[in-house]
>>> print(open('final.cif').read())   # mmCIF, C-alpha atoms
data_query
loop_
_atom_site.label_atom_id
_atom_site.label_comp_id
_atom_site.auth_asym_id
_atom_site.auth_seq_id
_atom_site.Cartn_x
_atom_site.Cartn_y
_atom_site.Cartn_z
CA MET A 1097 23.52 2.66 -6.47
CA ILE A 1098 20.25 4.44 -7.24
CA PRO A 1099 17.69 2.68 -4.98
CA TYR A 1100 14.22 1.83 -6.26
CA SER A 1101 12.91 4.15 -3.54
CA ARG A 1102 14.01 6.07 -0.47
CA GLN A 1103 12.70 8.36 2.24
CA SER A 1104 12.87 12.15 2.10
CA ILE A 1105 13.83 13.59 5.50
CA SER A 1106 14.36 17.33 6.04
CA LYS A 1107 15.85 19.39 8.86
CA GLN A 1108 12.29 20.25 9.90
CA ASP A 1109 11.52 16.53 10.25
CA ILE A 1110 14.59 16.02 12.41
CA ARG A 1111 13.69 18.97 14.62
CA ALA A 1112 10.14 17.62 15.00
CA VAL A 1113 11.49 14.30 16.29
CA GLN A 1114 14.01 16.04 18.55
CA ARG A 1115 11.24 18.07 20.19
CA VAL A 1116 9.45 14.88 21.16
CA LEU A 1117 12.65 13.21 22.34
CA ARG A 1118 13.21 16.16 24.68
CA SER A 1119 9.67 15.94 26.03
CA ASP A 1120 8.31 13.88 28.90
CA ARG A 1121 6.32 11.47 26.72
CA LEU A 1122 7.99 9.23 24.16
CA THR A 1123 4.93 7.02 23.88
CA GLN A 1124 1.21 7.27 24.66
CA GLY A 1125 1.54 11.05 24.65
CA PRO A 1126 -0.20 13.86 22.74
CA ASN A 1127 1.55 13.58 19.38
CA VAL A 1128 -0.17 10.37 18.29
CA LEU A 1129 -3.61 11.90 18.76
CA ALA A 1130 -2.49 15.06 16.93
CA PHE A 1131 -1.18 12.95 14.05
CA GLU A 1132 -4.42 10.95 13.90
CA LYS A 1133 -6.52 14.10 13.76
CA ALA A 1134 -4.35 15.62 11.04
CA LEU A 1135 -4.43 12.40 9.00
CA ALA A 1136 -8.21 12.06 9.28
CA ARG A 1137 -8.61 15.70 8.27
CA TYR A 1138 -6.29 15.26 5.28
CA CYS A 1139 -8.13 12.15 4.07
CA GLY A 1140 -11.60 13.53 4.69
CA ALA A 1141 -12.45 10.78 7.19
CA SER A 1142 -14.07 11.00 10.60
CA TYR A 1143 -11.49 8.94 12.48
CA ALA A 1144 -7.92 7.69 12.20
CA VAL A 1145 -6.10 5.18 14.38
CA ALA A 1146 -2.29 5.15 14.11
CA VAL A 1147 -0.48 1.87 14.68
CA SER A 1148 2.99 0.38 14.52
CA SER A 1149 2.93 -0.78 10.87
CA GLY A 1150 0.77 -1.18 7.81
CA THR A 1151 0.63 -4.89 8.60
CA ALA A 1152 -0.71 -4.12 12.08
CA ALA A 1153 -3.27 -1.81 10.48
CA LEU A 1154 -4.46 -4.61 8.21
CA HIS A 1155 -4.64 -7.06 11.11
CA LEU A 1156 -6.66 -4.71 13.31
CA SER A 1157 -9.01 -3.70 10.49
CA TYR A 1158 -9.84 -7.35 9.82
CA LEU A 1159 -10.44 -7.99 13.52
CA ALA A 1160 -12.51 -4.82 13.97
CA ALA A 1161 -14.66 -5.84 11.00
CA GLY A 1162 -15.46 -9.13 12.72
CA LEU A 1163 -13.77 -11.33 10.13
CA LYS A 1164 -12.94 -14.70 11.62
CA LYS A 1165 -12.01 -18.31 11.01
CA GLY A 1166 -13.78 -19.90 8.07
CA VAL A 1167 -14.85 -16.79 6.20
CA GLU A 1168 -13.67 -15.97 2.68
CA VAL A 1169 -12.28 -12.61 1.62
CA ILE A 1170 -11.78 -11.63 -2.02
CA THR A 1171 -8.52 -9.83 -2.70
CA THR A 1172 -5.75 -9.49 -5.27
CA PRO A 1173 -2.64 -11.65 -5.74
CA ASN A 1174 -0.67 -8.58 -6.87
CA THR A 1175 0.31 -7.15 -3.51
CA PHE A 1176 2.79 -7.47 -0.69
CA VAL A 1177 2.04 -10.64 1.26
CA ALA A 1178 0.84 -8.74 4.36
CA THR A 1179 -2.57 -8.12 2.73
CA SER A 1180 -3.44 -11.81 2.73
CA ASN A 1181 -1.09 -12.93 5.53
CA MET A 1182 -3.19 -11.07 8.06
CA LEU A 1183 -6.28 -12.82 6.72
CA LEU A 1184 -4.57 -16.14 7.33
CA ALA A 1185 -3.58 -14.89 10.79
CA ILE A 1186 -7.24 -14.56 11.81
CA GLY A 1187 -8.21 -17.86 10.17
CA ALA A 1188 -9.92 -16.35 7.12
CA ARG A 1189 -9.30 -17.67 3.61
CA PRO A 1190 -8.05 -15.26 0.93
CA VAL A 1191 -9.74 -15.83 -2.43
CA PHE A 1192 -7.58 -14.37 -5.17
CA CYS A 1193 -9.21 -12.45 -8.00
CA ASP A 1194 -7.31 -11.95 -11.25
CA ILE A 1195 -5.98 -8.49 -12.11
CA ARG A 1196 -6.42 -6.01 -14.93
CA LEU A 1197 -3.51 -5.59 -17.30
CA ASP A 1198 -3.89 -1.83 -17.52
CA THR A 1199 -3.81 -0.86 -13.83
CA TYR A 1200 -2.56 -4.18 -12.33
CA ASN A 1201 -5.34 -3.84 -9.75
CA LEU A 1202 -7.97 -6.41 -8.90
CA ASP A 1203 -10.33 -6.87 -11.90
CA GLU A 1204 -13.65 -5.64 -10.60
CA THR A 1205 -15.55 -7.45 -13.39
CA LYS A 1206 -14.39 -10.82 -12.01
CA ILE A 1207 -15.41 -10.33 -8.38
CA GLU A 1208 -19.02 -11.49 -8.41
CA LYS A 1209 -18.29 -14.95 -9.78
CA LEU A 1210 -16.03 -15.55 -6.75
CA ILE A 1211 -18.68 -14.70 -4.15
CA THR A 1212 -20.01 -17.61 -2.10
CA LYS A 1213 -22.04 -17.98 1.08
CA LYS A 1214 -18.76 -17.78 3.00
CA THR A 1215 -17.68 -14.46 1.45
CA LYS A 1216 -17.70 -11.64 3.99
CA ALA A 1217 -15.42 -8.95 2.57
CA ILE A 1218 -13.53 -7.51 -0.38
CA VAL A 1219 -10.03 -6.11 0.12
CA PRO A 1220 -8.95 -4.17 -2.98
CA VAL A 1221 -5.33 -2.97 -3.15
CA HIS A 1222 -4.49 0.32 -4.84
CA PHE A 1223 -1.37 -1.06 -6.47
CA ALA A 1224 1.53 1.38 -6.99
CA GLY A 1225 -0.75 4.18 -5.80
CA SER A 1226 -3.30 3.84 -8.61
CA PRO A 1227 -6.84 3.51 -7.21
CA SER A 1228 -8.95 0.46 -7.93
CA GLU A 1229 -12.41 0.93 -9.50
CA MET A 1230 -14.06 1.65 -6.19
CA ASP A 1231 -17.48 2.67 -7.54
CA VAL A 1232 -17.97 -0.80 -9.00
CA ILE A 1233 -16.45 -2.58 -6.00
CA LEU A 1234 -18.64 -0.68 -3.54
CA ARG A 1235 -21.73 -1.35 -5.63
CA ILE A 1236 -20.99 -5.09 -5.62
CA ALA A 1237 -20.34 -4.99 -1.88
CA ARG A 1238 -23.65 -3.26 -1.16
CA LYS A 1239 -25.52 -5.74 -3.36
CA HIS A 1240 -24.05 -8.74 -1.51
CA LYS A 1241 -23.78 -7.09 1.94
CA LEU A 1242 -19.99 -7.36 2.07
CA ILE A 1243 -17.47 -5.33 4.04
CA VAL A 1244 -14.91 -3.33 2.03
CA ILE A 1245 -11.46 -2.63 3.47
CA GLU A 1246 -9.15 -0.73 1.14
CA ASP A 1247 -5.47 -1.64 1.31
CA ALA A 1248 -4.18 1.82 0.46
CA CYS A 1249 -0.65 1.26 1.75
CA HIS A 1250 0.61 2.51 -1.64
CA ALA A 1251 -1.98 5.21 -2.09
CA LEU A 1252 -1.91 7.93 0.57
CA GLY A 1253 -2.39 11.16 -1.38
CA ALA A 1254 -4.01 9.48 -4.40
CA ARG A 1255 -7.49 10.44 -5.58
CA TYR A 1256 -10.37 8.53 -7.13
CA TRP A 1257 -12.48 10.74 -9.41
CA GLY A 1258 -11.20 13.74 -7.47
CA ASN A 1259 -11.90 12.26 -4.03
CA LYS A 1260 -8.99 11.46 -1.74
CA ILE A 1261 -8.36 7.83 -0.92
CA GLY A 1262 -9.65 7.44 2.62
CA SER A 1263 -12.75 9.56 1.96
CA LEU A 1264 -14.72 6.99 -0.02
CA SER A 1265 -17.60 4.88 1.30
CA SER A 1266 -15.52 1.86 2.30
CA ASP A 1267 -15.76 0.52 5.84
CA MET A 1268 -12.06 1.11 6.52
CA THR A 1269 -8.95 2.23 4.64
CA VAL A 1270 -5.45 1.13 5.60
CA PHE A 1271 -2.22 3.11 5.12
CA SER A 1272 1.47 2.38 5.64
CA PHE A 1273 4.20 4.80 6.70
CA HIS A 1274 7.17 2.54 5.96
CA ALA A 1275 10.32 4.37 4.89
CA VAL A 1276 9.59 4.17 1.15
CA LYS A 1277 5.93 5.16 1.34
CA ALA A 1278 4.39 8.57 0.53
CA ILE A 1279 5.22 9.77 4.04
CA THR A 1280 7.18 7.90 6.67
CA THR A 1281 7.27 7.40 10.41
CA GLY A 1282 10.08 4.85 9.99
CA GLU A 1283 7.67 1.98 10.47
CA GLY A 1284 4.03 2.76 11.06
CA GLY A 1285 0.53 2.59 9.69
CA ALA A 1286 -3.02 3.74 10.22
CA VAL A 1287 -6.67 2.87 9.65
CA VAL A 1288 -9.17 5.58 8.73
CA THR A 1289 -12.93 5.11 8.97
CA ASN A 1290 -16.23 6.94 9.27
CA ASN A 1291 -17.68 4.23 11.49
CA ARG A 1292 -17.49 5.04 15.20
CA GLN A 1293 -17.91 1.40 16.25
CA TYR A 1294 -14.94 0.35 14.15
CA TYR A 1295 -12.97 3.30 15.53
CA LYS A 1296 -13.61 2.30 19.15
CA ARG A 1297 -12.78 -1.34 18.40
CA LEU A 1298 -9.53 -0.37 16.68
CA LEU A 1299 -8.47 1.74 19.68
CA LEU A 1300 -9.21 -1.11 22.05
CA LEU A 1301 -7.38 -3.79 20.05
CA ARG A 1302 -4.38 -1.53 19.46
CA SER A 1303 -3.48 -1.54 23.15
CA HIS A 1304 -3.95 -5.05 24.59
CA GLY A 1305 -7.74 -4.90 24.55
CA ILE A 1306 -7.57 -2.64 27.60
CA TYR A 1307 -9.45 0.56 28.39
CA LYS A 1308 -9.49 2.74 31.50
CA ASP A 1309 -12.69 2.81 33.51
CA LYS A 1310 -14.07 5.86 35.35
CA GLN A 1311 -11.72 5.22 38.26
CA GLY A 1312 -8.71 5.13 35.95
CA LYS A 1313 -8.23 1.38 36.31
CA ASN A 1314 -7.13 -0.80 33.42
CA VAL A 1315 -9.90 -3.15 32.27
CA MET A 1316 -9.25 -5.79 29.62
CA THR A 1317 -12.32 -6.76 27.59
CA ALA A 1318 -10.75 -8.24 24.45
CA LEU A 1319 -7.61 -10.07 23.36
CA GLY A 1320 -5.63 -7.18 21.90
CA TYR A 1321 -2.07 -6.37 20.91
CA ASN A 1322 0.64 -3.80 21.46
CA TYR A 1323 0.37 -2.09 18.08
CA ARG A 1324 0.96 1.44 19.38
CA LEU A 1325 2.88 4.07 17.46
CA THR A 1326 5.46 6.02 19.48
CA ASP A 1327 5.15 9.77 19.98
CA PHE A 1328 8.43 10.53 18.24
CA GLN A 1329 7.24 8.54 15.21
CA ALA A 1330 4.02 10.55 15.29
CA GLY A 1331 6.07 13.76 15.50
CA LEU A 1332 7.84 12.73 12.31
CA GLY A 1333 4.51 11.81 10.73
CA LEU A 1334 3.02 15.22 11.53
CA SER A 1335 5.99 16.95 9.94
CA GLN A 1336 5.91 14.69 6.88
CA LEU A 1337 2.16 15.07 6.41
CA LYS A 1338 2.60 18.80 5.84
CA LYS A 1339 4.72 17.95 2.78
CA LEU A 1340 2.62 15.11 1.42
CA ASP A 1341 1.07 17.02 -1.47
CA SER A 1342 4.48 18.24 -2.61
CA PHE A 1343 5.86 14.69 -2.35
CA ILE A 1344 3.04 13.39 -4.56
CA ALA A 1345 3.56 16.22 -7.08
CA LYS A 1346 7.26 15.31 -7.31
CA ARG A 1347 6.46 11.61 -7.77
CA ARG A 1348 4.07 12.51 -10.59
CA ARG A 1349 6.79 14.62 -12.17
CA VAL A 1350 9.19 11.65 -12.08
CA ALA A 1351 6.53 9.45 -13.71
CA GLY A 1352 6.10 12.09 -16.44
CA TRP A 1353 9.85 12.14 -17.08
CA TYR A 1354 9.89 8.38 -17.48
CA ARG A 1355 6.98 8.45 -19.91
CA GLU A 1356 8.69 11.12 -22.00
CA GLU A 1357 11.99 9.24 -22.04
CA LEU A 1358 10.68 5.70 -22.59
CA LYS A 1359 7.61 6.15 -24.79
CA ASP A 1360 9.35 5.07 -28.02
CA ILE A 1361 10.81 1.79 -26.77
CA GLU A 1362 8.70 -0.85 -28.50
CA GLU A 1363 9.86 -3.74 -26.31
CA ILE A 1364 8.28 -2.42 -23.10
CA ILE A 1365 4.83 -1.45 -21.82
CA LEU A 1366 4.57 1.69 -19.69
CA PRO A 1367 2.05 2.14 -16.87
CA GLY A 1368 -1.07 4.20 -17.58
CA GLU A 1369 -1.05 7.96 -17.25
CA GLY A 1370 -2.45 7.75 -13.70
CA SER A 1371 -3.09 11.46 -13.21
CA GLU A 1372 -4.63 10.74 -9.79
CA SER A 1373 -2.12 8.06 -8.79
CA ALA A 1374 0.22 8.56 -5.85
CA TRP A 1375 2.98 6.89 -7.91
CA HIS A 1376 4.38 4.83 -5.07
CA LEU A 1377 5.97 2.61 -7.73
CA TYR A 1378 6.82 3.01 -11.40
CA VAL A 1379 6.43 -0.42 -13.00
CA ILE A 1380 7.13 -1.20 -16.63
CA ARG A 1381 6.56 -4.54 -18.34
CA VAL A 1382 8.82 -6.30 -20.82
CA LYS A 1383 6.74 -7.58 -23.75
CA ASN A 1384 8.82 -10.74 -24.04
CA PRO A 1385 8.73 -12.27 -20.53
CA LYS A 1386 11.68 -14.53 -21.39
CA LEU A 1387 13.86 -11.41 -21.51
CA ARG A 1388 12.65 -9.78 -18.29
CA ASP A 1389 15.51 -10.92 -16.05
CA ARG A 1390 18.14 -9.74 -18.52
CA PRO A 1391 17.39 -5.97 -18.31
CA TRP A 1392 17.09 -6.41 -14.55
CA ALA A 1393 20.64 -7.86 -14.38
CA TYR A 1394 21.93 -5.29 -16.88
CA LEU A 1395 20.61 -2.36 -14.82
CA GLN A 1396 21.63 -3.84 -11.48
CA LYS A 1397 25.18 -4.28 -12.76
CA ARG A 1398 25.24 -0.56 -13.58
CA GLY A 1399 24.04 0.60 -10.17
CA ILE A 1400 20.30 0.91 -10.80
CA GLY A 1401 18.18 -0.59 -8.03
CA VAL A 1402 15.46 -2.14 -10.17
CA ASN A 1403 13.08 -4.46 -8.37
CA PHE A 1404 10.07 -6.78 -8.82
CA HIS A 1405 6.63 -5.76 -7.46
CA TYR A 1406 5.30 -8.41 -7.03
CA PRO A 1407 5.48 -12.14 -7.50
CA ALA A 1408 1.94 -13.44 -7.16
CA VAL A 1409 1.08 -14.07 -3.52
CA TYR A 1410 -0.21 -17.55 -4.37
CA ALA A 1411 3.15 -18.38 -6.00
CA HIS A 1412 5.12 -18.14 -2.74
CA PRO A 1413 6.18 -21.52 -1.32
CA TYR A 1414 4.21 -20.96 1.89
CA TYR A 1415 0.99 -20.37 -0.04
CA ARG A 1416 1.64 -23.34 -2.29
CA LYS A 1417 1.77 -25.51 0.81
CA ALA A 1418 -1.27 -23.77 2.32
CA GLY A 1419 -3.71 -24.92 -0.36
CA TYR A 1420 -2.96 -22.62 -3.31
CA ALA A 1421 -0.74 -24.99 -5.32
CA SER A 1422 -3.22 -25.23 -8.20
CA VAL A 1423 -4.04 -21.50 -8.40
CA ARG A 1424 -3.12 -19.85 -11.70
CA LEU A 1425 -4.70 -16.58 -12.80
CA PRO A 1426 -4.04 -15.69 -16.47
CA ASN A 1427 -3.41 -11.95 -16.21
CA GLU A 1428 -1.48 -12.26 -12.96
CA GLU A 1429 0.75 -14.91 -14.57
CA ILE A 1430 1.49 -12.56 -17.48
CA TYR A 1431 2.18 -9.70 -15.11
CA GLN A 1432 4.47 -11.48 -12.64
CA ARG A 1433 6.71 -12.75 -15.44
CA SER A 1434 7.06 -9.37 -17.14
CA CYS A 1435 7.09 -6.66 -14.43
CA LEU A 1436 10.11 -4.51 -13.63
CA THR A 1437 10.09 -1.67 -11.06
CA LEU A 1438 12.21 1.39 -11.84
CA PRO A 1439 13.44 3.85 -9.18
CA CYS A 1440 10.76 6.37 -8.23
CA TYR A 1441 10.84 8.76 -5.27
CA PRO A 1442 10.36 12.51 -4.74
CA ASP A 1443 14.03 13.50 -4.72
CA LEU A 1444 15.03 11.46 -7.81
CA PRO A 1445 16.73 14.01 -10.11
CA ARG A 1446 15.84 14.42 -13.79
CA ARG A 1447 19.41 13.56 -14.80
CA GLU A 1448 19.15 10.20 -13.03
CA VAL A 1449 15.85 9.42 -14.76
CA GLY A 1450 17.62 10.28 -18.02
CA ARG A 1451 20.50 7.98 -17.13
CA ILE A 1452 18.16 5.09 -16.30
CA ALA A 1453 16.22 5.63 -19.51
CA SER A 1454 19.44 5.75 -21.57
CA LEU A 1455 20.55 2.43 -20.14
CA ILE A 1456 17.17 0.85 -20.95
CA LYS A 1457 17.35 2.23 -24.51
CA ASN A 1458 20.90 0.96 -24.85
CA PHE A 1459 19.92 -2.51 -23.66
CA PHE A 1460 17.14 -2.92 -26.19
CA SER A 1461 18.90 -1.18 -29.09
CA HIS A 1462 22.04 -3.34 -28.80
CA ARG A 1463 20.35 -6.74 -28.90
CA TYR A 1464 20.04 -7.11 -25.17
CA GLY A 1465 23.59 -6.19 -24.13
CA ASN A 1466 25.57 -7.82 -21.37
#
>>> encode(input="final.cif", output="structure tokens")
Amino acid sequence: MIPYSRQSISKQDIRAVQRVLRSDRLTQGPNVLAFEKALARYCGASYAVAVSSGTAALHLSYLAAGLKKGVEVITTPNTFVATSNMLLAIGARPVFCDIRLDTYNLDETKIEKLITKKTKAIVPVHFAGSPSEMDVILRIARKHKLIVIEDACHALGARYWGNKIGSLSSDMTVFSFHAVKAITTGEGGAVVTNNRQYYKRLLLLRSHGIYKDKQGKNVMTALGYNYRLTDFQAGLGLSQLKKLDSFIAKRRRVAGWYREELKDIEEIILPGEGSESAWHLYVIRVKNPKLRDRPWAYLQKRGIGVNFHYPAVYAHPYYRKAGYASVRLPNEEIYQRSCLTLPCYPDLPRREVGRIASLIKNFFSHRYGN
């Protein structure tokens, strides 16, 4: 089976973890701080706070921003559920904005009509590693005095008009280091920011809401969580971060191979060129949505780990029961019925891309074979 994605772990990565495992500090040691500093430096941000997952990073960023029960937050339905789940967790209400059918990101031209007196933030998601139109989003946010938190869990290493994601003027940017992301710490995540107040709040909430006073005593001043990253995870992250640019270059090469191989198949729509995308995912769309599940089954049967990213968040049973039963967004409906994710990761060989492409060509040229 060729998986839709997988981690890339080298001997250097293993040695980096082993060094920490042989040390005196497996957690709350020096490697987390070193990883945070390296990540902030890479992104061009003032501060980074490493946490136990991308979901934890989202949760803490919402709390640090002061979002709370009753507020509305505009975001996209085309994302993993964690983006909006953590809004529900703090009592906020996600307001879903329709997507663009070229980038599959939140449609920035449809944001303003969704703003109400209850709106406090916008959470754009850089889907598949392709940046949202942040200039427009930030301009809208400034006009309406809204907080902007970028969900960049797909987009570490991506750029927006030449600027690295994490270096823009948003309040906070969230990353994930899950096994299939641009770099991995196994599970893990981070928030980067240029705002010192947010940074201090994130640090506090990450570790039970406790800080040490001048006498070294633990003092709890907020209801926090144990969202700490371990030192051996940070050791892996430090090692992986050194290879991030090469990982992104390899992902872009895979995307180029797909485009070359698949460009003449009339029945599918390829993703945009995305020269600054991190290419976390390579998603094609089947022009006839009624056929979408058939190439999925055809490829799965032949050992190709195709996937779906994503069903609309509002379409999940939980969200239907939580007040979103009547939500239907035209472009998102088109997208969720037609999307198909092909394998894409740094170590995917050219011959395997060719094999996948040949199977797709065969499916469509033989009247949708069995």
>>> closest_residue(input="final.cif", among="A:Leu1159, A:Ile1207, A:Leu1117, A:Ile1105", to="Ile1195 in chain A", atoms="only C-alpha atoms")
A:Ile1207
>>> resolve_selection(input="final.cif", expression="the PyMOL selection byres ((chain A and resi 1146) around 6)", output="number ranges by chain")
A: 1145, 1147, 1285-1286
>>> write_last_selection(input="final.cif", atoms="C-alpha atoms", output="mmCIF file, in the frame of the given file")
data_model
loop_
_atom_site.group_PDB
_atom_site.id
_atom_site.type_symbol
_atom_site.label_atom_id
_atom_site.label_comp_id
_atom_site.auth_asym_id
_atom_site.auth_seq_id
_atom_site.Cartn_x
_atom_site.Cartn_y
_atom_site.Cartn_z
ATOM 1 C CA VAL A 1145 -6.100 5.180 14.380
ATOM 2 C CA VAL A 1147 -0.480 1.870 14.680
ATOM 3 C CA GLY A 1285 0.530 2.590 9.690
ATOM 4 C CA ALA A 1286 -3.020 3.740 10.220
#
>>> residues_near_point(input="final.cif", point="(5.2, 0.6, -16.5)", cutoff="9 Å", atoms="all atoms listed in the file", output="ChimeraX atom specification")
/A:1355,1364-1368,1378-1382,1435-1438
>>> resolve_selection(input="final.cif", expression="the PyMOL selection byres ((chain A and resi 1304) around 10)", output="list in words")
Leu1299, Leu1300, Leu1301, Arg1302, Ser1303, Gly1305, Ile1306, Tyr1307, Val1315, Met1316, Thr1317, Ala1318, Leu1319, Gly1320, Tyr1321, Asn1322, Tyr1323 and Arg1324 of chain A
>>> residues_around(input="final.cif", residues="Asp1327 in chain A", least_positions_apart="4", cutoff="12 Å", atoms="all atoms listed in the file", output="PyMOL selection string")
chain A and resi 1112-1132+1146-1148+1281+1284+1331-1334
>>> closest_residue(input="final.cif", among="A:Ser1180, A:Ser1373, A:Ser1266, A:Gln1336", to="Gly1352 in chain A", atoms="only C-alpha atoms")
A:Ser1373
>>> closest_atom_pairs(input="final.cif", of="range 1315-1352 of chain A", to="range 1444-1449 of chain A", cutoff="12 Å", atoms="all atoms listed in the file", output="Markdown table")
| residue | atom | partner | partner_atom | distance |
| --- | --- | --- | --- | --- |
| A:Phe1343 | CA | A:Leu1444 | CA | 11.2 |
| A:Lys1346 | CA | A:Leu1444 | CA | 8.7 |
| A:Arg1347 | CA | A:Leu1444 | CA | 8.6 |
| A:Arg1348 | CA | A:Leu1444 | CA | 11.4 |
| A:Arg1349 | CA | A:Arg1446 | CA | 9.2 |
| A:Val1350 | CA | A:Leu1444 | CA | 7.2 |
| A:Ala1351 | CA | A:Val1449 | CA | 9.4 |
| A:Gly1352 | CA | A:Val1449 | CA | 10.2 |
>>> atom_distance(input="final.cif", atom1="CA of Ile1430 in chain A", atom2="CA of Phe1192 in chain A")
15.4 Å
>>> atom_distance(input="final.cif", atom1="CA of Gln1293 in chain A", atom2="CA of Gly1162 in chain A")
11.4 Å
>>> residues_around(input="final.cif", residues="range 1399-1415 of chain A", least_positions_apart="3", cutoff="10 Å", atoms="all atoms listed in the file", output="VMD selection string")
chain A and resid 1097 to 1101 1172 to 1181 1190 to 1192 1223 to 1224 1377 to 1379 1389 1391 to 1396 1418 to 1425 1428 to 1429 1431 to 1440 1448 1451 to 1452 1455
>>> resolve_selection(input="final.cif", expression="the PyMOL selection byres ((chain A and resi 1169) around 8)", output="list in words")
Val1167, Glu1168, Ile1170, Thr1171, Leu1183, Ala1188, Arg1189, Pro1190, Val1191, Thr1215, Lys1216, Ala1217, Ile1218 and Val1219 of chain A
>>> write_last_selection(input="final.cif", atoms="C-alpha atoms", output="tab-separated table (two decimals), in the frame of the given file")
chain	number	residue	atom	x	y	z
A	1167	VAL	CA	-14.85	-16.79	6.20
A	1168	GLU	CA	-13.67	-15.97	2.68
A	1170	ILE	CA	-11.78	-11.63	-2.02
A	1171	THR	CA	-8.52	-9.83	-2.70
A	1183	LEU	CA	-6.28	-12.82	6.72
A	1188	ALA	CA	-9.92	-16.35	7.12
A	1189	ARG	CA	-9.30	-17.67	3.61
A	1190	PRO	CA	-8.05	-15.26	0.93
A	1191	VAL	CA	-9.74	-15.83	-2.43
A	1215	THR	CA	-17.68	-14.46	1.45
A	1216	LYS	CA	-17.70	-11.64	3.99
A	1217	ALA	CA	-15.42	-8.95	2.57
A	1218	ILE	CA	-13.53	-7.51	-0.38
A	1219	VAL	CA	-10.03	-6.11	0.12
>>> atom_distance(input="final.cif", atom1="CA of Ala1330 in chain A", atom2="CA of Lys1296 in chain A")
19.8 Å
>>> build_atoms(input="final.cif", residues="range 1176-1189 of chain A", atoms="N, CA and C atoms", output="PDB file, keeping the file's coordinate frame")
ATOM      1  N   PHE A1176       1.887  -6.934  -1.694  1.00  0.00           N
ATOM      2  CA  PHE A1176       2.790  -7.470  -0.690  1.00  0.00           C
ATOM      3  C   PHE A1176       2.020  -8.479   0.157  1.00  0.00           C
ATOM      4  N   VAL A1177       2.714  -9.515   0.615  1.00  0.00           N
ATOM      5  CA  VAL A1177       2.040 -10.640   1.260  1.00  0.00           C
ATOM      6  C   VAL A1177       1.244 -10.261   2.502  1.00  0.00           C
ATOM      7  N   ALA A1178       1.536  -9.118   3.126  1.00  0.00           N
ATOM      8  CA  ALA A1178       0.840  -8.740   4.360  1.00  0.00           C
ATOM      9  C   ALA A1178      -0.675  -8.667   4.163  1.00  0.00           C
ATOM     10  N   THR A1179      -1.131  -8.258   2.982  1.00  0.00           N
ATOM     11  CA  THR A1179      -2.570  -8.120   2.730  1.00  0.00           C
ATOM     12  C   THR A1179      -3.297  -9.415   3.045  1.00  0.00           C
ATOM     13  N   SER A1180      -2.787 -10.521   2.514  1.00  0.00           N
ATOM     14  CA  SER A1180      -3.440 -11.810   2.730  1.00  0.00           C
ATOM     15  C   SER A1180      -2.885 -12.547   3.945  1.00  0.00           C
ATOM     16  N   ASN A1181      -1.631 -12.283   4.320  1.00  0.00           N
ATOM     17  CA  ASN A1181      -1.090 -12.930   5.530  1.00  0.00           C
ATOM     18  C   ASN A1181      -1.941 -12.653   6.748  1.00  0.00           C
ATOM     19  N   MET A1182      -2.399 -11.418   6.887  1.00  0.00           N
ATOM     20  CA  MET A1182      -3.190 -11.070   8.060  1.00  0.00           C
ATOM     21  C   MET A1182      -4.585 -11.691   8.005  1.00  0.00           C
ATOM     22  N   LEU A1183      -5.051 -12.034   6.811  1.00  0.00           N
ATOM     23  CA  LEU A1183      -6.280 -12.820   6.720  1.00  0.00           C
ATOM     24  C   LEU A1183      -6.043 -14.234   7.231  1.00  0.00           C
ATOM     25  N   LEU A1184      -4.921 -14.816   6.825  1.00  0.00           N
ATOM     26  CA  LEU A1184      -4.570 -16.140   7.330  1.00  0.00           C
ATOM     27  C   LEU A1184      -4.398 -16.113   8.849  1.00  0.00           C
ATOM     28  N   ALA A1185      -3.844 -15.004   9.358  1.00  0.00           N
ATOM     29  CA  ALA A1185      -3.580 -14.890  10.790  1.00  0.00           C
ATOM     30  C   ALA A1185      -4.859 -14.964  11.628  1.00  0.00           C
ATOM     31  N   ILE A1186      -5.971 -14.508  11.067  1.00  0.00           N
ATOM     32  CA  ILE A1186      -7.240 -14.560  11.810  1.00  0.00           C
ATOM     33  C   ILE A1186      -8.064 -15.790  11.431  1.00  0.00           C
ATOM     34  N   GLY A1187      -7.515 -16.638  10.562  1.00  0.00           N
ATOM     35  CA  GLY A1187      -8.210 -17.860  10.170  1.00  0.00           C
ATOM     36  C   GLY A1187      -9.105 -17.721   8.969  1.00  0.00           C
ATOM     37  N   ALA A1188      -9.125 -16.547   8.336  1.00  0.00           N
ATOM     38  CA  ALA A1188      -9.920 -16.350   7.120  1.00  0.00           C
ATOM     39  C   ALA A1188      -9.182 -16.924   5.913  1.00  0.00           C
ATOM     40  N   ARG A1189      -9.909 -17.123   4.827  1.00  0.00           N
ATOM     41  CA  ARG A1189      -9.300 -17.670   3.610  1.00  0.00           C
ATOM     42  C   ARG A1189      -9.290 -16.602   2.516  1.00  0.00           C
TER      43      ARG A1189
END
